[in-house]
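A short write-up of the structure that comes next.
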Amino acid sequence: MSAQLLTQAPSITMTGVKAAYGRIEVLHGVDLSVPAGSVLALLGPNGAGKSTLLKVLSGRLEETAGEIAIGELTFKHRTAEALARAGVCSIPEGRGIFPNLSVHDNLVMWSYRGESIARVQEVAYQRFPKLKERRRQLAGTLSGGEQQMLAISRALIGDPKVLFLDEISMGLAPLVVAELYELVQQIASGGVTVLLVEQFVSTAISVATDAAIMIHGKIIASGSPEEMGETAKRVYLDGGE
Amino acid sequence: MTTFLTFTIIGVVSGAIFSITAMGLVVTYTTTGVFNFSHGAVAMFCAFSYWQLNQSWGWPSWISLIVVLFIEAPLIAIFVEEAFMKRLFGASVVRSLMVTLGLLLILVGLAQAIWAPEIRSLPEYFSGSSLQLFDVNVTYHQLVVVAVAIAVAVLLRLYFQNFRSGIAMRAVVDDPELLSLAGVSPRRMSRLGWIIGFFLAALAGILISPELSVSGLDVNLLTLLVVNGYAAAILGRLRNLPWTFAGGIILGLAESYAIGYLPGHIPTNLVSQIGLLTPVVFLFVALLLLPSARLRAIGRLTVSTPPKVASLAQSLRGGVAFVIVAWLATLVLSASLIGSVTQGIALGIVGLSLVLLTGYTGQVSLCQLTFMGIGAYTMSQVANGGASWWGLIIGIIICAGVGALIALPALRLQGLYLALATLAFAQAAYYGFFSNISFIPQGGAIKVGRLGIPWVSMSGDKAYLVFTAVAFALAAIGVLAVRRSKWGRRLVALNDSPAAFATLGMNPTVSKMMVFAASAALAGVGGILFAGQSLALSALDVQMFASLEIVLFVTIFGIRTTQGALLGGLAAALLPLASSHLPPWGVGATGIVAGVGIALMANVPDGIVPIPWINRNIRIPYLSTPRSSMNLDTKDLNVVG
């Protein structure tokens with residue numbers, strides 16, 4: 001496999017993408033485009049397929065049909081590790097950490113994207129001094145907010161050009177959520193294409209430049225965040241299309 | 001004092017080898033989540049290969065060492081990972097156990113096919129050279145063994161603590177998907193885990209072989225090295241390397257002191273078996289001392305759709321049909337086949353005990369044939385070499401009691417520990433009891449009679465086949481009735497989610513123990529019928545590896561179905577018959593066939609009988625199970641929602 005690397009924030013387009021778990025199809029033909037350097041908030045009720053969409057984009061689940069283009073990347077098989085090395089950073093749902101490794105060892109894992117271990121620690125500890133205090137502790141014993149900080153610190157390393165965030169606010173105190181999104185905004189302003197999935201519509205549209213609504217495995221609308229926020233409320237309350 | 005020192009040194013040396021074995025097991029287990037039952041078999045196979053290169057072909061030791069350790073062992077590891085293990089990520093304990101057990105049988109079968117029995121021995125390294133340590137002679141070989149073990153321990157520790165790929169190997173167990181998101185291929189990491197594990201197994205096998213000077217290289221003894229290995233590893237709870245190292249040394253010392261000081265204090269007929277019995281005792285003590293594992297909270301869907309449970313009417317019809325088929329079979333089969341088929345049906349009853357235990361409850365027992373032997377032995381004792389219904393009842397009670405006792409220390413822990421404990425028990429029972437000439441006379445067997453019913457003579461083999469078939473049908477109907485009962489639903493619930501089971505106010509441990517006892521009793525009944533066929537119980541019938549074969553065969557055909565039990569029993573009884581018609585290299589055939597079934601297992605977790613197309617195309621009333629509507633894998637379920 002030739003080493004491919006994103007040199008600038010790419011645009012992402014999906015056309016007619018379908019994906020399934022076994023025989024249960026979850027994405028029924030998704031069309032979505034994320035302009036280069038934008039922050040797109042993907043809104044939608046539980047079970048709409050948002051997390052599945054991120055899984056497909058990050059290479060953890062293979063699509064059964066359709067086309068996906070991430071900038072100039074031309075992988076035959078978009079494996080998660082190849083994408084990660086090319087500059088696609090994906091923070092999965094739940095906590096994107098290794099609970100049975102120490103904080104320090106978690107950071108060592110983040111260095112696989114090409115940065116030196118020393119540099120990784122420097123960046124992470126500078127942004128989140130709390131992590132330095134707890135570097136010998138097992139990551140699973142950190143508080144929810146600290147765990148998410150550790151997870152997000154991966155986005156600070158190796159200069160990613162694409163960032164996928166899956167409900168990073170889940171189960172966290174509002175103050176922590178605000179801090180995390182402040183960081184997301186900072187990262188985005190440095191020339192990164194961001195696609196984020198979020199249950200809290202207001203949180204999401206406060207950082208987003210674009211938004212799309214997903215229901216029943218399809219994108220039903222896209223536009224400006226404010227507009228979509230309104231639409232989302234209406235759609236949620238009506239319970240469907 | 002000198003004696004004490006001598007035994008200490010011998011203990012430390014064999015302890016060092018156990019440590020290497022155990023650390024290999026731990027490395028593979030922690031990086032792949034699969035407990036490799038074939039670890040000892042790998043050691044055996046590599047030791048034999050080394051003998052072949054070094055002794056038979058006369059290659060220099062260092063070249064042989066390099067070839068075996070750095071080429072053969074890694075290649076086997078890569079092949080095994082590619083062929084079987086990669087599909088086992090996140091699989092249930094039962095499934096991964098079966099696959100490694102199958103690998104064990106393949107390796108044993110291959111070794112038996114390649115190396116015909118003869119006495120082979122490996123010389124010690126630097127043989128003849130020794131030095132004096134506190135008045136005791138220590139050979140260079142012993143020093144090398146200890147030094148290698150210490151080096152392995154230190155290097156592994158350094159590697160897993162300080163090296164990036166070492167940390168990644170620990171990370172892969174935690175969350176393989178996240179590891180791939182961080183840019184590392186999880187497959188590569190677990191392949192590395194297999195390679196290191198197999199390398200250490202080979203190393204242990206080569207180092208221990210010169211110590212086996214009396215019997216020479218022995219397939220069974222070397223394969224059983226895994227028992228020593230996991231006894232030691234349990235001290236480190238299968239995770240902690242320093243404790244595992246200590247466990248190996250302690251086990252070696254315990255064994256050496258036991259050999260040195262116990263004779264004279266224990267029954268003389270056990271003396272020769274001390275070496276094989278110590279790890280078993282050690283294992284049970286360690287199991288008792290281990291803190292309880294937390295209950296697994298989330299139930300998981302282990303297979304697509306469980307085979308449908310036959311209704312009472314269906315199972316009655318099926319039972320009658322089976323007995324009629326069995327009777328028809330007596331009309332066409334040759335006399336020698338009738339005997340084997342009868343034994344197969346009796347083994348089918350043992351298979352039913354596995355359906356109850358493993359199929360419904362998800363517990364693993366690798367000592368069902370031991371219970372079979374206990375049942376038959378009891379019958380022989382009670383009925384004085386004949387058979388009586390009292391013997392049956394007492395046999396059932398004794399089997400159930402022993403079963404409960406064996407299961408107790410392991411049940412409060414995870415499923416894997418129960419499997420380990422039962423394998424250890426099978427070993428202890430075989431070497432301490434069944435192959436012990438004071439219980440079963442050497443070379444012979446003890447007499448066991450045939451059960452019968454008034455006015456019907458059972459002396460004819462045909463009559464006895466039908467009788468055994470009736471017994472199987474009754475047992476199958478009984479097992480299915482249990483499955484339909486309230487208790488049966490409880491067992492399945494327990495298998496699904498022990499935590500939910502406990503929160504409903506039921507005691508998981510008591511339920512598990514009851515089902516283990518019931519299963520042991522059923523295996524005992526099978527044993528009484530089995531021994532009745534040949535009118536004798538011989539030690540060979542209850543060998544440890546035979547226990548593994550029956551578990552594998554039943555699993556291959558479908559461990560949740562009564563039909564799977566029957567077919568598995570028949571296969572276990574009839575395959576050795578077929579292999580006797582094969583050329584000499586075919587002696588390992590049974591093992592290899594059973595083992596190759598594991599290739600199937602990796603894709604068909606529920607066995608052959610419930611495969612949809614078989615049911616669709618072959619519709620025999622007794623064999624029909626509904627076709628599955630969906631094919632979901634556990635992996636898929638975690639991610640939905």
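Identifiers for the structure tokens are assigned positionally: chains receive A, B, ... in sequence, residues are indexed from 1 per chain, and ligands are indexed from 1 in the order shown.
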If we count only C-alpha atoms and set the cut-off at 10 Å, which residues sit around Ala147 (chain B), ignoring sequence neighbours fewer than 6 positions away in its own chain? Please answer as a PDB file with N, CA and C atoms, in the first residue's frame.
```
ATOM      1  N   VAL B  13      14.969 -25.410  38.250  1.00  0.00           N
ATOM      2  CA  VAL B  13      15.193 -25.643  36.826  1.00  0.00           C
ATOM      3  C   VAL B  13      13.880 -26.008  36.129  1.00  0.00           C
ATOM      4  N   ALA B  16      11.714 -23.066  35.979  1.00  0.00           N
ATOM      5  CA  ALA B  16      12.076 -22.096  34.945  1.00  0.00           C
ATOM      6  C   ALA B  16      11.400 -22.454  33.625  1.00  0.00           C
ATOM      7  N   HIS B 141      23.754 -27.133  31.653  1.00  0.00           N
ATOM      8  CA  HIS B 141      22.422 -27.134  31.040  1.00  0.00           C
ATOM      9  C   HIS B 141      21.395 -26.501  31.979  1.00  0.00           C
ATOM     10  N   ALA B 153      11.779 -13.472  30.955  1.00  0.00           N
ATOM     11  CA  ALA B 153      10.912 -12.680  31.829  1.00  0.00           C
ATOM     12  C   ALA B 153      11.266 -11.202  31.757  1.00  0.00           C
TER      13      ALA B 153
END
```
Could the residues of chain A within 10 Å of chain B, counting only C-alpha atoms, be given as a compact mmCIF listing (two decimals) with all heavy atoms, in the first residue's frame, please?
```txt
# COMPACT_ATOMS: atom_id res chain seq x y z
N ALA A 20 -24.62 -1.89 5.88
CA ALA A 20 -25.46 -2.82 6.62
C ALA A 20 -24.66 -3.55 7.67
O ALA A 20 -23.45 -3.74 7.55
CB ALA A 20 -26.07 -3.83 5.65
N TYR A 21 -25.34 -3.94 8.76
CA TYR A 21 -24.78 -4.87 9.74
C TYR A 21 -25.37 -6.23 9.43
O TYR A 21 -26.56 -6.44 9.65
CB TYR A 21 -25.15 -4.46 11.16
CG TYR A 21 -24.59 -3.10 11.56
CD1 TYR A 21 -25.45 -2.04 11.79
CD2 TYR A 21 -23.23 -2.92 11.68
CE1 TYR A 21 -24.95 -0.80 12.16
CE2 TYR A 21 -22.73 -1.69 12.05
CZ TYR A 21 -23.59 -0.64 12.29
OH TYR A 21 -23.09 0.57 12.66
N GLY A 22 -24.59 -7.14 8.94
CA GLY A 22 -25.17 -8.41 8.52
C GLY A 22 -26.21 -8.15 7.47
O GLY A 22 -25.92 -7.55 6.43
N ARG A 23 -27.43 -8.58 7.74
CA ARG A 23 -28.47 -8.37 6.74
C ARG A 23 -29.32 -7.15 7.02
O ARG A 23 -30.26 -6.86 6.30
CB ARG A 23 -29.38 -9.59 6.67
CG ARG A 23 -28.67 -10.79 6.10
CD ARG A 23 -29.68 -11.86 5.79
NE ARG A 23 -29.01 -13.11 5.51
CZ ARG A 23 -29.62 -14.27 5.38
NH1 ARG A 23 -30.93 -14.33 5.52
NH2 ARG A 23 -28.94 -15.36 5.13
N ILE A 24 -29.02 -6.47 8.12
CA ILE A 24 -29.83 -5.30 8.45
C ILE A 24 -29.19 -4.07 7.83
O ILE A 24 -28.11 -3.64 8.25
CB ILE A 24 -29.94 -5.12 9.97
CG1 ILE A 24 -30.51 -6.38 10.58
CG2 ILE A 24 -30.81 -3.92 10.30
CD1 ILE A 24 -30.50 -6.38 12.09
N VAL A 26 -28.61 -0.28 7.28
CA VAL A 26 -28.80 0.89 8.13
C VAL A 26 -28.74 2.18 7.31
O VAL A 26 -29.52 3.10 7.52
CB VAL A 26 -27.75 0.92 9.26
CG1 VAL A 26 -27.92 2.15 10.12
CG2 VAL A 26 -27.88 -0.33 10.12
N ASN A 46 -32.22 9.29 17.42
CA ASN A 46 -31.56 8.01 17.70
C ASN A 46 -31.86 7.00 16.61
O ASN A 46 -32.97 6.90 16.13
CB ASN A 46 -32.08 7.43 19.02
CG ASN A 46 -31.32 7.97 20.20
OD1 ASN A 46 -30.15 8.31 20.06
ND2 ASN A 46 -31.96 8.05 21.33
N GLY A 47 -30.86 6.24 16.25
CA GLY A 47 -31.10 5.16 15.30
C GLY A 47 -31.21 5.62 13.86
O GLY A 47 -31.62 4.85 13.00
N ALA A 48 -30.87 6.89 13.59
CA ALA A 48 -30.99 7.37 12.22
C ALA A 48 -29.86 6.84 11.34
O ALA A 48 -29.97 6.82 10.13
CB ALA A 48 -30.99 8.89 12.19
N GLY A 49 -28.77 6.42 11.98
CA GLY A 49 -27.63 5.91 11.21
C GLY A 49 -26.45 6.86 11.20
O GLY A 49 -25.53 6.68 10.41
N LYS A 50 -26.45 7.86 12.09
CA LYS A 50 -25.36 8.84 12.09
C LYS A 50 -24.02 8.20 12.44
O LYS A 50 -23.02 8.42 11.76
CB LYS A 50 -25.67 9.96 13.11
CG LYS A 50 -27.00 10.66 12.88
CD LYS A 50 -27.23 11.76 13.89
CE LYS A 50 -27.23 11.32 15.33
NZ LYS A 50 -28.44 10.72 15.88
N SER A 51 -24.05 7.38 13.51
CA SER A 51 -22.80 6.75 13.91
C SER A 51 -22.32 5.77 12.85
O SER A 51 -21.12 5.65 12.60
CB SER A 51 -22.97 6.01 15.24
OG SER A 51 -23.28 6.93 16.25
N THR A 52 -23.26 5.10 12.23
CA THR A 52 -22.91 4.17 11.15
C THR A 52 -22.23 4.91 10.01
O THR A 52 -21.24 4.43 9.44
CB THR A 52 -24.17 3.45 10.65
OG1 THR A 52 -24.84 2.88 11.76
CG2 THR A 52 -23.82 2.38 9.65
N LYS A 55 -18.81 5.51 10.90
CA LYS A 55 -18.05 4.26 10.82
C LYS A 55 -17.61 3.98 9.40
O LYS A 55 -16.48 3.55 9.16
CB LYS A 55 -18.91 3.08 11.30
CG LYS A 55 -18.87 2.90 12.77
CD LYS A 55 -19.54 1.60 13.16
CE LYS A 55 -19.36 1.45 14.64
NZ LYS A 55 -18.97 0.18 15.08
N SER A 58 -14.86 6.41 8.38
CA SER A 58 -13.55 6.22 9.00
C SER A 58 -12.96 4.85 8.69
O SER A 58 -11.89 4.52 9.19
CB SER A 58 -13.65 6.41 10.52
OG SER A 58 -14.55 5.48 11.06
N GLY A 59 -13.67 4.06 7.89
CA GLY A 59 -13.09 2.80 7.45
C GLY A 59 -13.32 1.63 8.37
O GLY A 59 -12.70 0.59 8.23
N ARG A 60 -14.23 1.78 9.35
CA ARG A 60 -14.47 0.68 10.26
C ARG A 60 -15.56 -0.24 9.75
O ARG A 60 -15.77 -1.33 10.26
CB ARG A 60 -14.86 1.21 11.64
CG ARG A 60 -13.68 1.74 12.43
CD ARG A 60 -14.16 2.41 13.69
NE ARG A 60 -14.77 3.70 13.42
CZ ARG A 60 -15.59 4.31 14.28
NH1 ARG A 60 -15.92 3.75 15.41
NH2 ARG A 60 -16.09 5.49 13.97
N THR A 79 -9.04 1.08 4.72
CA THR A 79 -8.97 0.52 6.07
C THR A 79 -8.81 1.65 7.06
O THR A 79 -8.29 2.71 6.73
CB THR A 79 -7.79 -0.45 6.23
OG1 THR A 79 -6.58 0.29 6.07
CG2 THR A 79 -7.82 -1.56 5.20
N ALA A 80 -9.27 1.39 8.28
CA ALA A 80 -9.22 2.43 9.30
C ALA A 80 -7.79 2.88 9.54
O ALA A 80 -7.53 4.07 9.68
CB ALA A 80 -9.86 1.92 10.59
N GLU A 81 -6.84 1.91 9.57
CA GLU A 81 -5.48 2.32 9.90
C GLU A 81 -4.84 3.14 8.78
O GLU A 81 -4.11 4.09 9.04
CB GLU A 81 -4.61 1.14 10.32
CG GLU A 81 -4.56 -0.06 9.42
CD GLU A 81 -5.61 -1.11 9.76
OE1 GLU A 81 -6.68 -0.75 10.32
OE2 GLU A 81 -5.37 -2.28 9.45
N ALA A 82 -5.16 2.80 7.53
CA ALA A 82 -4.60 3.57 6.42
C ALA A 82 -5.14 5.00 6.42
O ALA A 82 -4.39 5.96 6.25
CB ALA A 82 -4.91 2.88 5.10
N LEU A 83 -6.44 5.11 6.68
CA LEU A 83 -7.04 6.45 6.75
C LEU A 83 -6.43 7.25 7.88
O LEU A 83 -6.12 8.44 7.73
CB LEU A 83 -8.55 6.34 6.94
CG LEU A 83 -9.36 5.98 5.69
CD1 LEU A 83 -10.80 5.72 6.06
CD2 LEU A 83 -9.28 7.09 4.67
N ALA A 84 -6.26 6.59 9.03
CA ALA A 84 -5.70 7.29 10.18
C ALA A 84 -4.32 7.84 9.85
O ALA A 84 -3.99 8.97 10.17
CB ALA A 84 -5.64 6.35 11.38
N ARG A 85 -3.52 7.02 9.17
CA ARG A 85 -2.17 7.47 8.84
C ARG A 85 -2.17 8.55 7.76
O ARG A 85 -1.23 9.33 7.66
CB ARG A 85 -1.32 6.28 8.39
CG ARG A 85 -0.93 5.40 9.58
CD ARG A 85 -0.24 4.14 9.13
NE ARG A 85 0.00 3.26 10.26
CZ ARG A 85 1.19 3.00 10.78
NH1 ARG A 85 2.26 3.56 10.27
NH2 ARG A 85 1.33 2.19 11.81
N ALA A 86 -3.24 8.58 6.98
CA ALA A 86 -3.31 9.59 5.93
C ALA A 86 -3.75 10.95 6.46
O ALA A 86 -3.70 11.94 5.74
CB ALA A 86 -4.25 9.13 4.82
N GLY A 87 -4.21 10.98 7.73
CA GLY A 87 -4.58 12.26 8.29
C GLY A 87 -6.06 12.39 8.61
O GLY A 87 -6.58 13.49 8.76
N VAL A 88 -6.75 11.26 8.71
CA VAL A 88 -8.16 11.29 9.10
C VAL A 88 -8.23 10.88 10.56
O VAL A 88 -7.87 9.76 10.90
CB VAL A 88 -8.99 10.31 8.24
CG1 VAL A 88 -10.43 10.29 8.73
CG2 VAL A 88 -8.92 10.71 6.78
N CYS A 89 -8.68 11.78 11.40
CA CYS A 89 -8.76 11.47 12.83
C CYS A 89 -10.22 11.24 13.20
O CYS A 89 -11.06 12.08 12.93
CB CYS A 89 -8.18 12.61 13.66
SG CYS A 89 -8.32 12.32 15.42
N SER A 90 -10.48 10.09 13.80
CA SER A 90 -11.86 9.76 14.14
C SER A 90 -11.96 9.44 15.62
O SER A 90 -11.28 8.57 16.12
CB SER A 90 -12.28 8.55 13.29
OG SER A 90 -13.60 8.21 13.57
N ILE A 91 -12.81 10.20 16.32
CA ILE A 91 -13.03 9.93 17.74
C ILE A 91 -14.35 9.18 17.84
O ILE A 91 -15.41 9.74 17.59
CB ILE A 91 -13.13 11.23 18.56
CG1 ILE A 91 -11.96 12.18 18.23
CG2 ILE A 91 -13.21 10.93 20.05
CD1 ILE A 91 -10.64 11.77 18.76
N PRO A 92 -14.31 7.91 18.21
CA PRO A 92 -15.53 7.10 18.16
C PRO A 92 -16.49 7.41 19.30
O PRO A 92 -16.13 8.11 20.25
CB PRO A 92 -14.99 5.67 18.27
CG PRO A 92 -13.72 5.80 19.02
CD PRO A 92 -13.15 7.13 18.65
N GLU A 93 -17.67 6.88 19.16
CA GLU A 93 -18.70 7.03 20.17
C GLU A 93 -18.21 6.42 21.49
O GLU A 93 -17.39 5.52 21.49
CB GLU A 93 -19.93 6.25 19.69
CG GLU A 93 -21.21 6.68 20.32
CD GLU A 93 -22.38 5.89 19.74
OE1 GLU A 93 -22.13 4.95 18.96
OE2 GLU A 93 -23.52 6.21 20.07
N ARG A 95 -16.01 6.42 24.78
CA ARG A 95 -14.74 7.05 25.08
C ARG A 95 -13.67 6.43 24.20
O ARG A 95 -13.43 5.23 24.25
CB ARG A 95 -14.36 6.84 26.54
CG ARG A 95 -15.46 7.26 27.51
CD ARG A 95 -15.37 8.72 27.86
NE ARG A 95 -16.47 9.09 28.72
CZ ARG A 95 -17.55 9.75 28.30
NH1 ARG A 95 -17.67 10.09 27.05
NH2 ARG A 95 -18.51 10.06 29.13
N GLY A 96 -13.03 7.25 23.43
CA GLY A 96 -12.01 6.74 22.51
C GLY A 96 -10.68 6.54 23.17
O GLY A 96 -9.67 7.12 22.75
N ILE A 97 -10.65 5.72 24.23
CA ILE A 97 -9.39 5.50 24.96
C ILE A 97 -9.24 4.02 25.23
O ILE A 97 -10.18 3.25 25.10
CB ILE A 97 -9.39 6.24 26.31
CG1 ILE A 97 -10.63 5.81 27.10
CG2 ILE A 97 -9.34 7.73 26.13
CD1 ILE A 97 -10.47 6.00 28.58
N PHE A 98 -8.04 3.61 25.62
CA PHE A 98 -7.81 2.24 26.06
C PHE A 98 -7.89 2.22 27.58
O PHE A 98 -6.96 2.66 28.25
CB PHE A 98 -6.45 1.75 25.60
CG PHE A 98 -6.29 1.73 24.10
CD1 PHE A 98 -5.52 2.68 23.45
CD2 PHE A 98 -6.95 0.77 23.34
CE1 PHE A 98 -5.38 2.67 22.07
CE2 PHE A 98 -6.82 0.75 21.96
CZ PHE A 98 -6.05 1.70 21.32
N PRO A 99 -8.99 1.73 28.14
CA PRO A 99 -9.19 1.85 29.59
C PRO A 99 -8.14 1.13 30.44
O PRO A 99 -7.85 1.56 31.54
CB PRO A 99 -10.58 1.25 29.83
CG PRO A 99 -10.89 0.46 28.60
CD PRO A 99 -10.13 1.09 27.49
N ASN A 100 -7.58 0.04 29.92
CA ASN A 100 -6.63 -0.71 30.74
C ASN A 100 -5.17 -0.31 30.54
O ASN A 100 -4.28 -0.97 31.03
CB ASN A 100 -6.78 -2.21 30.51
CG ASN A 100 -8.10 -2.74 31.06
OD1 ASN A 100 -8.43 -2.52 32.22
ND2 ASN A 100 -8.87 -3.37 30.20
N LEU A 101 -4.97 0.75 29.77
CA LEU A 101 -3.61 1.28 29.64
C LEU A 101 -3.53 2.57 30.45
O LEU A 101 -4.53 3.26 30.63
CB LEU A 101 -3.28 1.60 28.18
CG LEU A 101 -3.30 0.45 27.16
CD1 LEU A 101 -2.73 0.93 25.84
CD2 LEU A 101 -2.52 -0.74 27.66
N SER A 102 -2.34 2.91 30.89
CA SER A 102 -2.19 4.15 31.63
C SER A 102 -2.34 5.34 30.66
O SER A 102 -2.31 5.16 29.44
CB SER A 102 -0.81 4.21 32.30
OG SER A 102 0.18 4.28 31.31
N ASP A 105 0.57 5.48 28.41
CA ASP A 105 0.57 4.47 27.35
C ASP A 105 -0.45 4.80 26.26
O ASP A 105 -0.24 4.53 25.08
CB ASP A 105 0.30 3.09 27.93
CG ASP A 105 1.47 2.57 28.74
OD1 ASP A 105 2.53 3.21 28.69
OD2 ASP A 105 1.33 1.53 29.41
N ASN A 106 -1.59 5.38 26.67
CA ASN A 106 -2.56 5.83 25.68
C ASN A 106 -1.94 6.84 24.73
O ASN A 106 -2.09 6.76 23.52
CB ASN A 106 -3.78 6.46 26.36
CG ASN A 106 -4.89 5.47 26.60
OD1 ASN A 106 -5.69 5.21 25.70
ND2 ASN A 106 -4.93 4.90 27.79
N VAL A 108 1.17 7.14 24.04
CA VAL A 108 2.13 6.44 23.19
C VAL A 108 1.40 5.89 21.96
O VAL A 108 1.91 5.96 20.84
CB VAL A 108 2.84 5.31 23.96
CG1 VAL A 108 3.67 4.46 23.01
CG2 VAL A 108 3.71 5.88 25.05
N MET A 109 0.20 5.40 22.18
CA MET A 109 -0.57 4.86 21.04
C MET A 109 -0.91 5.97 20.03
O MET A 109 -0.99 5.73 18.84
CB MET A 109 -1.86 4.20 21.53
CG MET A 109 -1.66 2.91 22.27
SD MET A 109 -0.87 1.64 21.26
CE MET A 109 0.82 1.80 21.74
N TRP A 110 -1.13 7.16 20.55
CA TRP A 110 -1.46 8.27 19.64
C TRP A 110 -0.29 8.62 18.72
O TRP A 110 -0.45 9.27 17.71
CB TRP A 110 -1.86 9.54 20.39
CG TRP A 110 -3.08 9.52 21.27
CD1 TRP A 110 -3.43 10.51 22.14
CD2 TRP A 110 -4.10 8.54 21.38
NE1 TRP A 110 -4.59 10.18 22.80
CE2 TRP A 110 -5.03 8.97 22.35
CE3 TRP A 110 -4.33 7.30 20.79
CZ2 TRP A 110 -6.16 8.24 22.70
CZ3 TRP A 110 -5.44 6.57 21.14
CH2 TRP A 110 -6.34 7.04 22.08
N SER A 111 0.92 8.15 19.13
CA SER A 111 2.10 8.55 18.36
C SER A 111 2.24 7.75 17.06
O SER A 111 3.11 8.04 16.26
CB SER A 111 3.35 8.37 19.20
OG SER A 111 3.67 6.99 19.28
N TYR A 112 1.39 6.73 16.87
CA TYR A 112 1.51 5.93 15.66
C TYR A 112 1.23 6.72 14.38
O TYR A 112 1.50 6.28 13.29
CB TYR A 112 0.58 4.71 15.72
CG TYR A 112 1.25 3.48 16.23
CD1 TYR A 112 1.04 3.01 17.53
CD2 TYR A 112 2.12 2.77 15.42
CE1 TYR A 112 1.66 1.88 18.00
CE2 TYR A 112 2.76 1.63 15.88
CZ TYR A 112 2.53 1.19 17.16
OH TYR A 112 3.16 0.06 17.61
N ARG A 113 0.66 7.91 14.55
CA ARG A 113 0.35 8.69 13.36
C ARG A 113 1.59 9.40 12.83
O ARG A 113 1.53 10.11 11.82
CB ARG A 113 -0.72 9.74 13.69
CG ARG A 113 -2.05 9.14 14.07
CD ARG A 113 -3.04 9.26 12.93
NE ARG A 113 -2.67 10.30 12.00
CZ ARG A 113 -2.97 11.56 12.16
NH1 ARG A 113 -3.67 11.96 13.19
NH2 ARG A 113 -2.59 12.44 11.27
N GLY A 114 2.72 9.25 13.50
CA GLY A 114 3.94 9.78 12.92
C GLY A 114 4.68 10.79 13.78
O GLY A 114 5.79 11.18 13.45
N ILE A 117 6.99 10.36 20.43
CA ILE A 117 6.26 10.21 21.68
C ILE A 117 6.42 11.45 22.56
O ILE A 117 5.47 11.91 23.20
CB ILE A 117 6.75 8.94 22.41
CG1 ILE A 117 6.39 7.71 21.57
CG2 ILE A 117 6.12 8.82 23.79
CD1 ILE A 117 6.96 6.41 22.07
N ARG A 154 -6.00 13.18 20.78
CA ARG A 154 -5.51 12.54 19.56
C ARG A 154 -5.69 13.45 18.35
O ARG A 154 -4.91 13.41 17.40
CB ARG A 154 -6.26 11.22 19.34
CG ARG A 154 -5.74 10.39 18.20
CD ARG A 154 -5.95 8.90 18.42
NE ARG A 154 -7.33 8.56 18.72
CZ ARG A 154 -8.25 8.32 17.79
NH1 ARG A 154 -7.91 8.36 16.52
NH2 ARG A 154 -9.48 8.03 18.12
```
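Here the question is which of B:Thr562, B:Thr361, B:Phe70, B:Leu251 gets nearest to Ala493 (chain B) using only C-alpha atoms, and that residue is B:Thr361.
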Members of region 16-175 of chain A assigned strand (DSSP E) by DSSP, as a PyMOL selection string: chain A and resi 16-21+24-34+39-43+65-70+88-91+162-166
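Every protein or nucleic acid residue with an atom no more than 12 Å from Leu183 (chain A), counting only C-alpha atoms and leaving out same-chain residues fewer than 5 positions away, appears here: Arg127, Phe128, Gln148, Met149, Ile152, Ser153, Ala155, Leu156, Ile168, Val176, Val177, Ala178, Ala188, Ser189, Gly190 and Val207 of chain A.
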So that I can check the surroundings of region 30-45 of chain A, please list as JSON, numbers by chain every protein, DNA and RNA residue that reaches within 9 Å of it, counting only C-alpha atoms and ignoring chain neighbours fewer than 2 positions away. {"A": [8, 9, 10, 11, 12, 13, 14, 15, 16, 17, 18, 27, 28, 47, 48, 49, 50, 53, 66, 71, 161, 162, 185, 188, 189, 190, 191, 192, 193, 194, 195, 196, 197, 198, 199, 200, 201, 204, 205, 207, 208, 209, 210, 211, 212, 213, 214, 215, 216, 217, 218, 219, 222, 225, 228, 229, 232, 235, 236, 239]}
A straight line from CA of Thr32 (chain B) to CA of Thr358 (chain B) spans 22.9 Å
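The space separating CA of Ala313 (chain B) from CA of Ala481 (chain B) comes to 10.7 Å.
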Take CA of Leu5 (chain B) and CA of Val136 (chain B) and report the distance between them in Å, one decimal. 7.1 Å
Taking only C-alpha atoms into account, name the residue in B:Leu548, B:Val402, B:Ile349, B:Leu577 that is nearest to Leu337 (chain B). B:Leu577
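Ranking B:Phe322, B:Tyr430, B:Phe134, B:Tyr417 by their shortest atom-to-atom distance to Ala286 (chain B), with only C-alpha atoms included, puts B:Tyr417 first.
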